[in-house]
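*Asks:* My questions all concern the structure below.
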Amino acid sequence: MAYLVRFVINLFRSLLLPLWLIRRRSWGRGEPRWIRVDVSPRIVAFSGGRSPLQRLTAGAREHGIGSLDRLRALTDEAARDPKVRGLLVTLPPLEAGWATCESLRELIAQLRAANKQVVCYLPQGGGNKELYVALAADSVYVAPYASFGPLGLAVSPLYFRPLLDRLGIRVEALASGEYKSAAEPGLRENMSDAAREQLDALLAARQVALTAALQQRGLSAEEVSQLFARSLILADDALASRIVDGVVYEDELPATLRARGGAPALEEDDTADEPLPAARYLRLKRKLWLPLAPAGSIAIVPLHGMITGEVPGGLSSGLKESTLAPLLRGLAKDPGVRAIVLHIDSPGGSALASEQMHHDIKQLARKKPVIACFGEVAASGGYYLACACNKIVAHDLCTTGSIGVVMAKVDAHDFVARLGLRPQFLRTADSADMLSPTRSLSDREQTLLSGHVVQLYQRFLAVVAEGRGCTIEQVDSVARGRVWTGSAAKEHGLVDAIGSMERALSEARALVPELSSAERAALRPRVFRVKSGRGLGLPGLVLGSWLTQQLQQLAGLTSLSREAALYYAPLTPDD
């Protein structure tokens, strides 16, 4: 049936052949041209992957390319096109993590390796991330009176124990290691030494990467230190400091690019050689006919968001085993899918759901190669899933690890009393209501739950040891809830390779059996999305988005639900 559908589509497309030939011939005339890429502020891993809330809040202000997969398609096409001189990349203030910024730098490096010029233009200046990305280009230009800064990284999680004390609310938490500090803001008035240690390490890794990018511009270590000491740098100062190559208005860019090619500057009314928009270029290079018998593929499955258990009524959002399992079983049976890459971007979630999904992925890996590719965060439950894969690929600056368990419960009985409420307890067993927020845990219940945490932690250690081929003692030495950057995780044996999706696809191709090198190279990536269950509506989406953000930024408090969902929440600073 698929062949017939493609045949019919090709018949209709054949009617457009004359126009297609004219368009291709017009592109082939004249000197090589520049392609203009307007990067969207919010960048997602895959096109079409934004939630309704993200699309609503993005609004009309986002134009251009906003997904890494489309940027990769553009980069691949431009790199092999002799009619492309280079790319003009316009960078706005980015709402992206450091791993995404690493991916952008890698794409720029690929273009430069293909002898294409890359020019970055920052119309609004930028901060640490914008500068980090732009410095990968051949040249950097900035708008007059724009600025860079504040340079340097910081994180300031809020500790709210004093507020809870005033309200008459306590947090009762049990954790499997000193670094598993997700509930710490509600337990303490200040940061523990362990939490400070791991946050300092994360910040230091990003600082090292930014410093290295600046030094690639020819700045000495002393000059870089002076820049960080100044913190805020205006456009003219950035030019004098060799951070940028020019200060120009946006309408002056075409003439600037033409001058880079050795040709005279454009006249004011000459727009024939202005950079071609990326979207138009991709349409221009689109193939007319679909292949009737497409080659095999590598399935890419995005696993993004919190890992949640099943909730009565089906109102929970996030990653659920009930929606992932059918997709994985289908991929196992699909003869056209030769390998699978799981793109994991999750801070974790329910212990039970993580265990069930790990089992499903492990079953799939017995039939076909499965590679884990980490996004911004693949920690706790997110890392739990990756341990079932044949190999793990991670960005240098992603956040991973957090091998541990934390259980937290709110005790609001004093707060309830202050409101004049008097809960009455009827129970058929002493601990039937131990999860109630209107009473405290007894000593026996704390011991009971503590044993449960230990049991789950031992299971977590066993899963990692089996997946990584090491002993439980070796895992425990790098576990206890600690988070790592991707590069540090590789040093400790928690990941296999450093890289982005391209590296993950390469690893997947290498593991496909009984294919020649040419046949492996012909395998094309294809995205398969996990179907989401019923949503919570707009208010629920807003609340859920806010809560997830708080978890990721502050390693905030999580609750013990009716199903005893233990949240593996990592510390992920917003710097």
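If you're wondering about the labels, chains in the structure tokens are A, B, ... by order shown, residues count from 1 in each chain, ligands from 1 in order shown.
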Taking only stretch 112-232 of chain A into account, list the residues labelled strand (DSSP E or B) by DSSP (computed from the backbone), as a list of chain:residue names.

*Replies:*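 The residues of stretch 112-232 of chain A classed as strand (DSSP E or B) are A:Gln117, A:Val118, A:Val119, A:Cys120, A:Tyr121, A:Leu122, A:Gly126, A:Ser139, A:Val140, A:Tyr141, A:Val142, A:Ser147, A:Phe148, A:Arg170, A:Val171, A:Glu172, A:Ala173, A:Leu174, A:Ala175.
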
*Asks:* May I have the residues within 6 Å of A:Leu151 as a compact mmCIF listing (two decimals) with N, CA and C atoms, in the first residue's frame, using only C-alpha atoms and disregarding those fewer than 6 positions away in the same chain?

*Replies:*
# COMPACT_ATOMS: atom_id res chain seq x y z
N ASN A 128 26.15 34.63 28.01
CA ASN A 128 27.15 33.57 27.94
C ASN A 128 26.86 32.57 26.82
N PHE A 228 35.83 38.67 32.13
CA PHE A 228 34.88 38.22 33.15
C PHE A 228 34.82 39.22 34.30
N SER A 231 32.53 42.01 33.21
CA SER A 231 31.17 41.49 33.23
C SER A 231 30.30 41.98 32.07

*Asks:* With only C-alpha atoms as the counted atoms, please give the residues lying no more than 7 Å from A:Val44, apart from itself and same-chain residues fewer than 5 positions off, as a ChimeraX atom specification.

*Replies:* /A:66-68

*Asks:* Please identify the alpha helix (DSSP H) residues within stretch 37-136 of chain A (assignment by DSSP from backbone atoms) and present them as number ranges by chain.

*Replies:* A: 52-58, 68-79, 98-113, 128-134

*Asks:* Output N, CA and C atoms for every residue in that selection, as a short mmCIF file (atom, residue, chain, number, x, y, z; two decimals), in the first residue's frame.

*Replies:*
data_model
loop_
_atom_site.label_atom_id
_atom_site.label_comp_id
_atom_site.auth_asym_id
_atom_site.auth_seq_id
_atom_site.Cartn_x
_atom_site.Cartn_y
_atom_site.Cartn_z
N PRO A 52 1.50 22.10 23.17
CA PRO A 52 0.58 23.20 22.90
C PRO A 52 0.92 24.46 23.69
N LEU A 53 1.37 24.28 24.93
CA LEU A 53 1.74 25.44 25.74
C LEU A 53 2.93 26.17 25.14
N GLN A 54 3.94 25.42 24.68
CA GLN A 54 5.12 26.05 24.09
C GLN A 54 4.76 26.80 22.82
N ARG A 55 3.89 26.20 22.01
CA ARG A 55 3.49 26.89 20.77
C ARG A 55 2.70 28.14 21.08
N LEU A 56 1.88 28.07 22.14
CA LEU A 56 1.07 29.23 22.50
C LEU A 56 1.93 30.37 23.03
N THR A 57 2.86 30.04 23.93
CA THR A 57 3.68 31.09 24.53
C THR A 57 4.74 31.60 23.58
N ALA A 58 5.12 30.78 22.59
CA ALA A 58 6.12 31.26 21.63
C ALA A 58 5.55 32.41 20.80
N LEU A 68 16.69 21.47 16.05
CA LEU A 68 18.02 20.99 15.68
C LEU A 68 18.00 20.09 14.46
N ASP A 69 16.92 19.32 14.28
CA ASP A 69 16.90 18.42 13.12
C ASP A 69 16.82 19.21 11.80
N ARG A 70 16.06 20.31 11.79
CA ARG A 70 16.01 21.14 10.58
C ARG A 70 17.34 21.84 10.35
N LEU A 71 17.99 22.26 11.42
CA LEU A 71 19.31 22.88 11.27
C LEU A 71 20.33 21.87 10.75
N ARG A 72 20.21 20.61 11.19
CA ARG A 72 21.11 19.58 10.67
C ARG A 72 20.85 19.33 9.19
N ALA A 73 19.58 19.30 8.79
CA ALA A 73 19.26 19.10 7.38
C ALA A 73 19.83 20.24 6.54
N LEU A 74 19.71 21.46 7.03
CA LEU A 74 20.26 22.62 6.32
C LEU A 74 21.78 22.52 6.23
N THR A 75 22.42 22.16 7.34
CA THR A 75 23.88 22.06 7.36
C THR A 75 24.37 20.99 6.39
N ASP A 76 23.72 19.83 6.38
CA ASP A 76 24.13 18.75 5.48
C ASP A 76 24.00 19.17 4.02
N GLU A 77 22.89 19.84 3.70
CA GLU A 77 22.66 20.25 2.31
C GLU A 77 23.64 21.33 1.89
N ALA A 78 23.85 22.32 2.74
CA ALA A 78 24.74 23.43 2.39
C ALA A 78 26.20 22.98 2.30
N ALA A 79 26.58 22.01 3.15
CA ALA A 79 27.98 21.57 3.17
C ALA A 79 28.40 20.94 1.85
N TRP A 98 22.74 24.33 27.69
CA TRP A 98 24.12 24.27 27.22
C TRP A 98 24.35 23.13 26.26
N ALA A 99 23.66 22.03 26.40
CA ALA A 99 23.82 20.92 25.46
C ALA A 99 23.33 21.32 24.07
N THR A 100 22.23 22.07 24.01
CA THR A 100 21.73 22.56 22.73
C THR A 100 22.74 23.52 22.11
N CYS A 101 23.34 24.37 22.93
CA CYS A 101 24.37 25.29 22.43
C CYS A 101 25.56 24.51 21.88
N GLU A 102 25.91 23.41 22.53
CA GLU A 102 26.98 22.55 22.00
C GLU A 102 26.62 22.01 20.62
N SER A 103 25.36 21.62 20.44
CA SER A 103 24.92 21.11 19.14
C SER A 103 25.05 22.19 18.07
N LEU A 104 24.68 23.42 18.41
CA LEU A 104 24.81 24.51 17.45
C LEU A 104 26.27 24.73 17.07
N ARG A 105 27.15 24.68 18.04
CA ARG A 105 28.58 24.83 17.74
C ARG A 105 29.08 23.70 16.85
N GLU A 106 28.61 22.49 17.08
CA GLU A 106 29.02 21.36 16.25
C GLU A 106 28.58 21.54 14.80
N LEU A 107 27.37 22.04 14.60
CA LEU A 107 26.88 22.28 13.24
C LEU A 107 27.72 23.34 12.53
N ILE A 108 28.08 24.38 13.26
CA ILE A 108 28.93 25.42 12.68
C ILE A 108 30.30 24.83 12.32
N ALA A 109 30.83 23.99 13.20
CA ALA A 109 32.13 23.37 12.94
C ALA A 109 32.08 22.48 11.70
N GLN A 110 30.97 21.77 11.49
CA GLN A 110 30.83 20.92 10.31
C GLN A 110 30.84 21.74 9.03
N LEU A 111 30.19 22.88 9.06
CA LEU A 111 30.19 23.75 7.88
C LEU A 111 31.59 24.27 7.60
N ARG A 112 32.28 24.70 8.61
CA ARG A 112 33.64 25.22 8.42
C ARG A 112 34.57 24.12 7.91
N ALA A 113 34.37 22.88 8.38
CA ALA A 113 35.18 21.77 7.90
C ALA A 113 34.92 21.49 6.43
N ASN A 128 26.15 34.63 28.01
CA ASN A 128 27.15 33.57 27.94
C ASN A 128 26.86 32.57 26.82
N LYS A 129 25.62 32.14 26.70
CA LYS A 129 25.28 31.11 25.72
C LYS A 129 25.38 31.63 24.30
N GLU A 130 24.86 32.84 24.05
CA GLU A 130 24.93 33.40 22.70
C GLU A 130 26.38 33.60 22.27
N LEU A 131 27.20 34.07 23.20
CA LEU A 131 28.61 34.26 22.89
C LEU A 131 29.30 32.92 22.65
N TYR A 132 28.98 31.93 23.44
CA TYR A 132 29.56 30.60 23.30
C TYR A 132 29.28 30.02 21.91
N VAL A 133 28.06 30.18 21.43
CA VAL A 133 27.70 29.67 20.10
C VAL A 133 28.37 30.49 19.01
N ALA A 134 28.28 31.81 19.10
CA ALA A 134 28.78 32.68 18.04
C ALA A 134 30.28 32.54 17.83
#

*Asks:* Pick from A:Tyr457, A:Phe46, A:Phe148, A:Phe160: nearest to A:Leu174, with only C-alpha atoms counted?

*Replies:*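 Residue with the minimum atom-to-atom distance to A:Leu174: A:Tyr457.
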
*Asks:* Env of A:Gln226: 12 Å cut, atoms = only C-alpha atoms, seq-sep filter 5 positions within chain, self excluded. Answer as a ChimeraX atom specification.

*Replies:* /A:151-152,211,214,219-221,231-233,241

*Asks:* Find, counting only C-alpha atoms, the residue in A:Leu164, A:Pro275, A:Met501, A:Ala204 that gets nearest to A:Asp38.

*Replies:*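 Smallest distance to A:Asp38 is found for A:Pro275.
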
*Asks:* Counting only C-alpha atoms, which residue out of A:Ala378, A:Leu494, A:Ile403, A:Ala146 sits closest to A:Cys470?

*Replies:*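 Answer, going by the shortest atom-to-atom distance: A:Leu494.
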
*Asks:* Just checking: using only C-alpha atoms, which residue out of A:Trp34, A:Trp484, A:Tyr159, A:Phe460 ends up closest to A:Leu276?

*Replies:*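 So, comparing all the options, the nearest one is A:Trp34.
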
*Asks:* Write out as a PyMOL selection string the residues lying within 12 Å of A:Leu441, counting only C-alpha atoms and excluding same-chain residues fewer than 3 positions away.

*Replies:* chain A and resi 170-174+408-413+430-438+444-450
